[in-house]
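Structure, as structure tokens:
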Amino acid sequence: EVQLVESGGGLVKPGESLRLSCSASGIIISNAWMNWVRQAPGKGPEWVGLIKSRSNGGTIDYAAPVKGRFSISRDDSKNTLYLQMNSLKSEDTAVYFCVTESSGAFHIWGQGTMVTVSS
Amino acid sequence: QSALTQPPSASGSPGQSVTISCTGTSSDVGGYNYVSWYQQYPGKAPKLIISDVSKRPSGVPDRFSGSKSGNTASLTVSGLQAEDEADYYCSSYAGNNKYVFGSGTKVTVL
């Protein structure tokens, strides 16, 4: 059974940084297309970014609102996905989910970790 | 990338059918057969119920069906049951490694 467990969320001030982690079991993340999706309170999900599988070159891409501030990486030895978030804004407040993607659909979701950006 | 447009709410009595629309553009919904649908209960992560416009993952009841015409995709829930009361979101591939989600529809079982 595939399990994704996010951690690292918390309360930070505008302009600060935070790194989220997604520990995977039952799946080798370097063989998968891994995504970060966020959901602000009371809103729909919003795609944040992806890292393609190693066989697809490990291409990384981001949604426009986070490009240049957020960075996705993975540690294959730990089978863990990361989301480094810099220059955080209040509008980044959301639950952040780690998700597998295949054929344009988001199949397996973690339970999410809450990030609150507030002064 | 703007969110896909969904009606805020839909409702039906047990046993009835409800259809939810998801309207995008030729750059997302209309341009690719990569439309998916998700069911979400309060406080839980979304769950994939339809992929590739109309494919049901293993374990998803056949009461759920998807279709697409032009820039609009649709999810139909037939034979509504109490446990179908949830939020539903569509999503589409939008080209250039980008994805977009819908605004969400709250389904109420009367």
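Ordered as shown in the structure tokens, chains take letters A, B, and onward, while each chain numbers its residues from 1 and ligands are numbered from 1 in the order shown.
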
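If you count only C-alpha atoms and ignore residues fewer than 3 places along the chain from B:Gly24, what sits within 9 Å of it is Ser2, Ala3, Leu4, Thr5, Ser27, Asp28, Val29, Gly30, Asn71, Thr72, Ala73, Ser92 and Gly102 of chain B.
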
Practice item. May I ask you to extract the residues of chain A within 9 Å of chain B, using only C-alpha atoms, and to give them as a ChimeraX atom specification? Key: /A:43-50,60-64,97,103-112

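Nearest to B:Gly15 of all the residues B:Ala82, B:Val60, B:Leu75, B:Val107 is B:Ala82, counting only C-alpha atoms.
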
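Once B:Ser11 and its same-chain neighbours fewer than 5 positions away are set aside, Gln16, Ser17, Val18, Thr19, Ile20, Thr76, Val77, Ser78, Leu80, Gln81, Ala82, Asp84, Glu85, Ala86, Asp87, Thr105, Lys106, Val107, Thr108, Val109 and Leu110 of chain B remain within 12 Å of it when counting only C-alpha atoms.
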
Revision key, fill the gap. Using only C-alpha atoms, the best pick from B:Gly31, B:Pro7, B:Gly12, B:Gly66 as closest to B:Gly95 would be B:Gly31

**Study point:** Those of chain B in DSSP strand (DSSP E or B), formatted as a ChimeraX atom specification
**Key:** /B:4-5,9-12,18-23,35-40,47-51,55,64-69,72-77,86-93,99-102,105-109

Review point. Neighbours of stretch 24-28 of chain A within 8 Å (only C-alpha atoms; same-chain residues fewer than 6 positions away dropped), as a list in words?
Key: Glu1, Val2, Gln3, Leu4, Val5, Asn79, Thr80 and Leu81 of chain A

Selection above as a file: C-alpha atoms, as a compact mmCIF listing (two decimals), in the first residue's frame:
# COMPACT_ATOMS: atom_id res chain seq x y z
CA GLU A 1 0.00 0.00 0.00
CA VAL A 2 1.30 3.41 -0.97
CA GLN A 3 1.51 5.91 1.88
CA LEU A 4 2.60 9.53 1.76
CA VAL A 5 3.18 11.39 5.01
CA ASN A 79 12.57 8.19 -0.50
CA THR A 80 11.45 11.66 0.55
CA LEU A 81 10.09 14.63 -1.37

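Minimum atom-to-atom distance to A:Val99, evaluated using only C-alpha atoms, belongs to A:Tyr82 out of A:Leu18, A:Gly9, A:Tyr82, A:Gly68.
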
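If only C-alpha atoms are the atoms counted, then among B:Thr25, B:Ser9, B:Ser54, B:Gln40 the closest residue to B:Ser74 is B:Ser54.
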